[in-house]
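Chemist: My questions will all concern the structure given below.
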Amino acid sequence: MGDLSGYRGTALRFLKGASASVGDVLEVRTSWGTVTGTLVPRYAYGDEEHIVLKLKSGYNVGIRVAGLKDAKVVSKGESPAFSPPPPPKSPKGLPRVLMLGTGGTIASRIDYRTGAVRPAVSAAELHALVPELSSIAVVQPEIMFEVFSENIAPAHWAKLARRTARAVKEGFSGVVITHGTDTLGYTAAALGFALAGVPIPVILVGSQRSSDRPSSDAPLNIIGAVTAAATSRFSGVYVAMHLGESDDKVALHRGTRVRKNHTSRRDAFVSVGVPVAAVYGRGGLETESEGLPPRGGAFTPRPRFDERVALLKFYPSMPPSAVRGAKRSGAKAIVVEGTGLGHVSKEVAKELGAFVKSGGLAFMTSQCLEGRVDMRVYDTGRDLLRAGVVPLEDMLPETALVKAMWVLGTGAKGPRAIEMMTANVAGEMTARTLPS
Amino acid sequence: MGSKGLLVGLEIHQQLSIGTKLFCACPPVKSEEFPYHFERRLRPSQSETGRLDPAAVFEYSKGKSNRYFWSPESSCLVEADEEPPHQLSKEGLESSLIVGAALGSHLVDEVHVMRKIVIDGSNTGGFQRTAVVGVGGAFEVDGAPVGVQSVTLEEDAARNLGEDSGSRHFGLDRLGVALVEVALDPVSGDPEHVARVALHLGRLLRSTGRVARGLGTIRQDLNVSLDGGRVVEVKGVQKLNLLPRVVEYEGKRQRMLIRVAERLKSSGVRCWHKDATAVFSGTSAGVLARAVGEGGVVVCITASGLAGVLGWEPEQGVRLGKEVAEVARANSLGGIVHSDEFERQGVSQAERDALAGLMGSAPADALILVAGKTETVNRVIPHLESRLEEAAKGVPAETRAATEAGETRYMRPRPGSQRMYPETDIQDMAISAATAARVRRDIPEPWTSTVERLRKKHRLSQDLALKLYDSESVEDFEATVVSLRLEPSFIASVLVDLPARLEREGVPAAGLGVETLKAALGAVGNGKVAKEALPDVLKAAAEKRLSVEEAISSLGLGTVGEQQVRKVVRSVLDRESKLVADKGDGAFSPLMGAVMGELRGKADGSLVARVLREELAKASAR
């Protein structure tokens, strides 16, 4: 029995009865006439009553199984062989860039037979997607894993960090990591800490429009990312995504300062509290930000994370038990996303005090996202400080969460952990808030 | 030359009359101003086999970007391809199902929205969203059935706003507007028959009450082939009356290409090219001189065996040379000159000799000079050579655009078949048996019945009833028949015939709204003005932009009573006593003319006739 992916119930039984598989050309007799088409997979949310045929015109139509008089397989499907044109030869002496794939739709192509999206796995396929790359760098693609970004966890961060550290030894000029956009910011922050001091640029790149469509933002984002990985004067971890809604500029954001602030726009990613690090445009790569670390230097990766950290967003009427719940589920540290300058209610403050007393670490960030926490202005803040909650300046809440995982992962505890949390490691906090 | 062997498949795109666009909540309105714009590039995406769609590659190779103009009154992030589409409009789906049902199509059990790759920039996503809602069906034209292939619900493209050297410009207001596309089986290519098929289908669509009316709401595409040869797609015939001309032109063009291929069959065409800029350093040929003067190049292509063929015009207005020039123009290159027109274009004998030497060409070979910027010329040469070589094979499968003059112009190669894939952002929608039954029940009265009803109930001629149906004035007509005690045929002719008749006489009457026509009818109905004076009234209203009342008073019109009419009749009879004596009753017609002339429309014709008859009888009796 061949592949009948997505089909369930009545439709599945019917297809099994006809010995049909996805890709076969079927002829079905309906109450109103005969329909011939290629059986295509059914999406998981589809019902159990219909089969889907791709007509010769290319259109798909759903046909209710209950009304079918007869079905026969006219010809068995063949898997079409994908044979992209050979990649153009890169001129000699171009920088080498390692491109790590993690899944997501950024580097993928469409299966026209079934409509499924598959990852582009070989250099040839990548070049077929973005032929311009051959004049920028010698790109070596490598698939690390295949997961949607919402399923990426600290174990994946560690794996990426170790592979990148090896790439430094292997002499790559830079590393590009393709990644789904939902948690791209978290991974960027994690690598920022695990690879603090990395002597080459490490560029994470995603796309908001999947690369199976002609309007995808993926090609330009990849070109920007590879250009930065190959030619930038700075090192460190960055996210490369569209600067605006036009296909003309790619922004590079510091990995610890970047946030996805829109669900769907191409320019969803923004640098929070700092200017964009650099911009790729028609004139090449231009550094916008001062104080970016230069290439080179000694470097020791620290690619370990301790997941026992909770991120609590305070809200009016939040029950103090939320803090106890975090503790019960094993949290060694809690990052609080407080209101305004860094506040929570009296009851939650009391509970945080108890958590610290019992040996836990509590850190304060602000749900305002922009600006710096300051807990000396109001009583509530002063109470929190007295209770041992540590303010994290202008660090983004998500970055603080990731940093706490990393700090605990290094084995640091108590005052040492607090000291690490409050010292700048990878540009995640700044002493001065500048006018924007 | 007739239309023998010509087959034409019509595809009609008709805007649906619904409150929103198809995949978002934006209203389908036209914007005059666009406060925002952004710039995008579209890339051809690959098929499963790694092949690229030829039409897509062609558009990409032009190297142009697309600038989209955007107004919040008519579009949102969905049209900008910055937000996933919302779910398919239920109203749009239902309207398309009614159209399908009216055509006798089988409605599909489950609707799947597809992406059809289109990368000429007219869709921000690089594809058009489209879904088959009905398969099969037929309707009758001149007593014979015309088959329906499919009924499709689709979104309209962005509005073309022109282009500059770097980018094509589009307005997003039209993008996403709901259309229904009806694709018909090919019919014989008699141009008039094709037009009648389109006319019938248009009426049928309107009869559903679900389609938008007015300029730009309907568009015809044609698939034209000759003797089972390759199919040429002609896009964008906006006006019905252009249809026969386009079909005729396309038939003529394809016959020319087949005859050219017959001439070349045995030898085929082989091309090679060389840089010939040096030959033209001091040329007086305008096109070439301009290119050289601007630092560009002149490249010469030799096409074996094509001498005399490029300029050959077996039927008027069609020649291979024009085809080749169109390919160049579609690639943004204007400057090409071929050897059949060297003399006319000012290429000197010395230059011709130098060229022949440079190219090593025989007298039977054609030379094609391609002039322009180096980069453009290099990009276009392969397109031109493949078009020239194609000449030996007959009609190339390509997409062409219909022109205002009723001709067709090359746009791009035909898209491949592998350009459709599912729109995964839209959930499939089952059409339940109950929905299908309800839709079938809701099909409004067929247009033929409406016309029949108008004809019988109001004693109209078939021609007038049809014109009335086509004019979109049926409702106004029926209301006026009820409110005014006038002959229905008179009302109908004023509503649908009179403005056209005045237009033919050079009066700008097309702008007269139905309200003005109704007001004029009202003036007749109330006895303010005579029927006969109506053309003058409307003429004045149209030419001087007056209201009906102002027009009546500006003409000094106003009806006179029976007494006044009798006075005028008597004076005419006195004057024409000889005519009365000679002809008796036979003098009625000329006398009627004379009296009406004197009354200048101030009296109703039937009144004048009655009085004239009475007075004539008295006079004859004397």
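In the structure tokens, chains take the letters A, B, ... in the order shown, each chain's residues start at 1, and ligands count up from 1 in the order shown.
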Would you please give, as a ChimeraX atom specification, all residues of segment 166-331 of chain A that DSSP assigns to helix (DSSP H, G or I) based on the backbone?
Modeler: /A:166-169,184-194,218-231,321-328
Chemist: Would you save the residues of that selection, restricted to C-alpha atoms, as a PDB file, in the first residue's frame?
Modeler:
```
ATOM      1  CA  ARG A 166      33.692  24.032  15.143  1.00  0.00           C
ATOM      2  CA  ALA A 167      33.149  26.183  12.043  1.00  0.00           C
ATOM      3  CA  VAL A 168      35.478  28.787  13.566  1.00  0.00           C
ATOM      4  CA  LYS A 169      38.186  26.127  13.797  1.00  0.00           C
ATOM      5  CA  LEU A 184      14.324  33.369  16.032  1.00  0.00           C
ATOM      6  CA  GLY A 185      14.940  36.080  18.625  1.00  0.00           C
ATOM      7  CA  TYR A 186      15.358  33.548  21.466  1.00  0.00           C
ATOM      8  CA  THR A 187      17.846  31.460  19.483  1.00  0.00           C
ATOM      9  CA  ALA A 188      19.758  34.591  18.506  1.00  0.00           C
ATOM     10  CA  ALA A 189      20.036  35.618  22.163  1.00  0.00           C
ATOM     11  CA  ALA A 190      21.063  32.102  23.210  1.00  0.00           C
ATOM     12  CA  LEU A 191      23.833  31.986  20.625  1.00  0.00           C
ATOM     13  CA  GLY A 192      24.872  35.494  21.620  1.00  0.00           C
ATOM     14  CA  PHE A 193      25.650  34.209  25.111  1.00  0.00           C
ATOM     15  CA  ALA A 194      26.924  30.727  24.258  1.00  0.00           C
ATOM     16  CA  ALA A 218      13.902  34.773   1.732  1.00  0.00           C
ATOM     17  CA  PRO A 219      16.257  35.388  -1.225  1.00  0.00           C
ATOM     18  CA  LEU A 220      17.074  38.982  -0.263  1.00  0.00           C
ATOM     19  CA  ASN A 221      17.374  38.079   3.421  1.00  0.00           C
ATOM     20  CA  ILE A 222      19.735  35.206   2.560  1.00  0.00           C
ATOM     21  CA  ILE A 223      21.800  37.434   0.283  1.00  0.00           C
ATOM     22  CA  GLY A 224      22.066  39.995   3.091  1.00  0.00           C
ATOM     23  CA  ALA A 225      22.957  37.318   5.627  1.00  0.00           C
ATOM     24  CA  VAL A 226      25.595  35.644   3.446  1.00  0.00           C
ATOM     25  CA  THR A 227      27.098  39.015   2.523  1.00  0.00           C
ATOM     26  CA  ALA A 228      27.406  39.903   6.209  1.00  0.00           C
ATOM     27  CA  ALA A 229      28.809  36.474   7.090  1.00  0.00           C
ATOM     28  CA  ALA A 230      31.348  36.701   4.285  1.00  0.00           C
ATOM     29  CA  THR A 231      32.408  40.334   4.357  1.00  0.00           C
ATOM     30  CA  SER A 321       0.268  31.172  43.462  1.00  0.00           C
ATOM     31  CA  ALA A 322       1.668  31.772  39.975  1.00  0.00           C
ATOM     32  CA  VAL A 323       5.077  32.229  41.641  1.00  0.00           C
ATOM     33  CA  ARG A 324       4.620  29.095  43.756  1.00  0.00           C
ATOM     34  CA  GLY A 325       3.561  27.228  40.590  1.00  0.00           C
ATOM     35  CA  ALA A 326       6.791  28.190  38.867  1.00  0.00           C
ATOM     36  CA  LYS A 327       8.758  27.007  41.864  1.00  0.00           C
ATOM     37  CA  ARG A 328       6.846  23.728  42.036  1.00  0.00           C
TER      38      ARG A 328
END
```
Chemist: May I have the residues within 7 Å of segment 182-193 of chain B as a list in words, using only C-alpha atoms and disregarding those fewer than 5 positions away in the same chain?
Modeler: Ser3, Leu6, Leu7, Val8, Gly9, Leu10, Glu11, Ile12, His13, Val146, Gly147, Val148, Gln149, Ser150, Val151, Thr152, Pro244, Val247 and Glu248 of chain B
Chemist: Just list the residues in segment 291-473 of chain B DSSP gives strand (DSSP E or B) on the backbone, as a ChimeraX atom specification.
Modeler: /B:297-303,315,318,335-338,366-372,398-402,408-413,420-422,429-430
Chemist: How would the residues just picked look written out with C-alpha atoms as a PDB file, in the first residue's frame?
Modeler:
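out24.pdb, freshly written:
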```
ATOM      1  CA  VAL B 297      25.985  48.905 -29.692  1.00  0.00           C
ATOM      2  CA  VAL B 298      24.579  47.616 -32.963  1.00  0.00           C
ATOM      3  CA  VAL B 299      24.574  43.831 -33.187  1.00  0.00           C
ATOM      4  CA  CYS B 300      23.724  42.110 -36.450  1.00  0.00           C
ATOM      5  CA  ILE B 301      21.880  38.793 -36.517  1.00  0.00           C
ATOM      6  CA  THR B 302      21.952  36.748 -39.687  1.00  0.00           C
ATOM      7  CA  ALA B 303      18.883  34.556 -40.170  1.00  0.00           C
ATOM      8  CA  GLU B 315      -2.470  39.534 -45.872  1.00  0.00           C
ATOM      9  CA  VAL B 318       0.785  40.894 -40.804  1.00  0.00           C
ATOM     10  CA  GLY B 335      15.675  49.612 -32.006  1.00  0.00           C
ATOM     11  CA  ILE B 336      15.572  46.832 -34.541  1.00  0.00           C
ATOM     12  CA  VAL B 337      15.881  47.136 -38.310  1.00  0.00           C
ATOM     13  CA  HIS B 338      15.782  44.194 -40.718  1.00  0.00           C
ATOM     14  CA  ALA B 366      18.095  38.215 -43.738  1.00  0.00           C
ATOM     15  CA  LEU B 367      20.055  40.602 -41.553  1.00  0.00           C
ATOM     16  CA  ILE B 368      18.531  41.981 -38.386  1.00  0.00           C
ATOM     17  CA  LEU B 369      20.208  44.926 -36.702  1.00  0.00           C
ATOM     18  CA  VAL B 370      19.634  45.223 -32.991  1.00  0.00           C
ATOM     19  CA  ALA B 371      20.597  48.585 -31.511  1.00  0.00           C
ATOM     20  CA  GLY B 372      20.555  49.847 -27.954  1.00  0.00           C
ATOM     21  CA  GLU B 398       2.660  32.525 -26.667  1.00  0.00           C
ATOM     22  CA  THR B 399       0.661  35.004 -24.655  1.00  0.00           C
ATOM     23  CA  ARG B 400      -0.402  38.132 -26.507  1.00  0.00           C
ATOM     24  CA  ALA B 401      -2.282  41.242 -25.527  1.00  0.00           C
ATOM     25  CA  ALA B 402      -5.235  42.650 -27.421  1.00  0.00           C
ATOM     26  CA  THR B 408      -2.688  41.516 -30.856  1.00  0.00           C
ATOM     27  CA  ARG B 409       0.794  42.184 -29.542  1.00  0.00           C
ATOM     28  CA  TYR B 410       3.409  39.783 -28.146  1.00  0.00           C
ATOM     29  CA  MET B 411       3.637  39.738 -24.329  1.00  0.00           C
ATOM     30  CA  ARG B 412       5.565  36.632 -23.240  1.00  0.00           C
ATOM     31  CA  PRO B 413       5.909  32.879 -23.793  1.00  0.00           C
ATOM     32  CA  MET B 420      -0.480  25.723  -9.963  1.00  0.00           C
ATOM     33  CA  TYR B 421      -0.170  24.704  -6.387  1.00  0.00           C
ATOM     34  CA  PRO B 422      -2.461  24.808  -3.378  1.00  0.00           C
ATOM     35  CA  MET B 429     -14.603  24.474   1.797  1.00  0.00           C
ATOM     36  CA  ALA B 430     -17.123  21.696   1.339  1.00  0.00           C
TER      37      ALA B 430
END
```
Chemist: Skip Glu288 of chain A itself and residues of its chain fewer than 2 positions away, then list as a list in words all residues within 7 Å of it, counting only C-alpha atoms.
Modeler: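 Returned residues: Val276, Ala277, Ala278, Val279, Glu286 and Glu290 of chain A.
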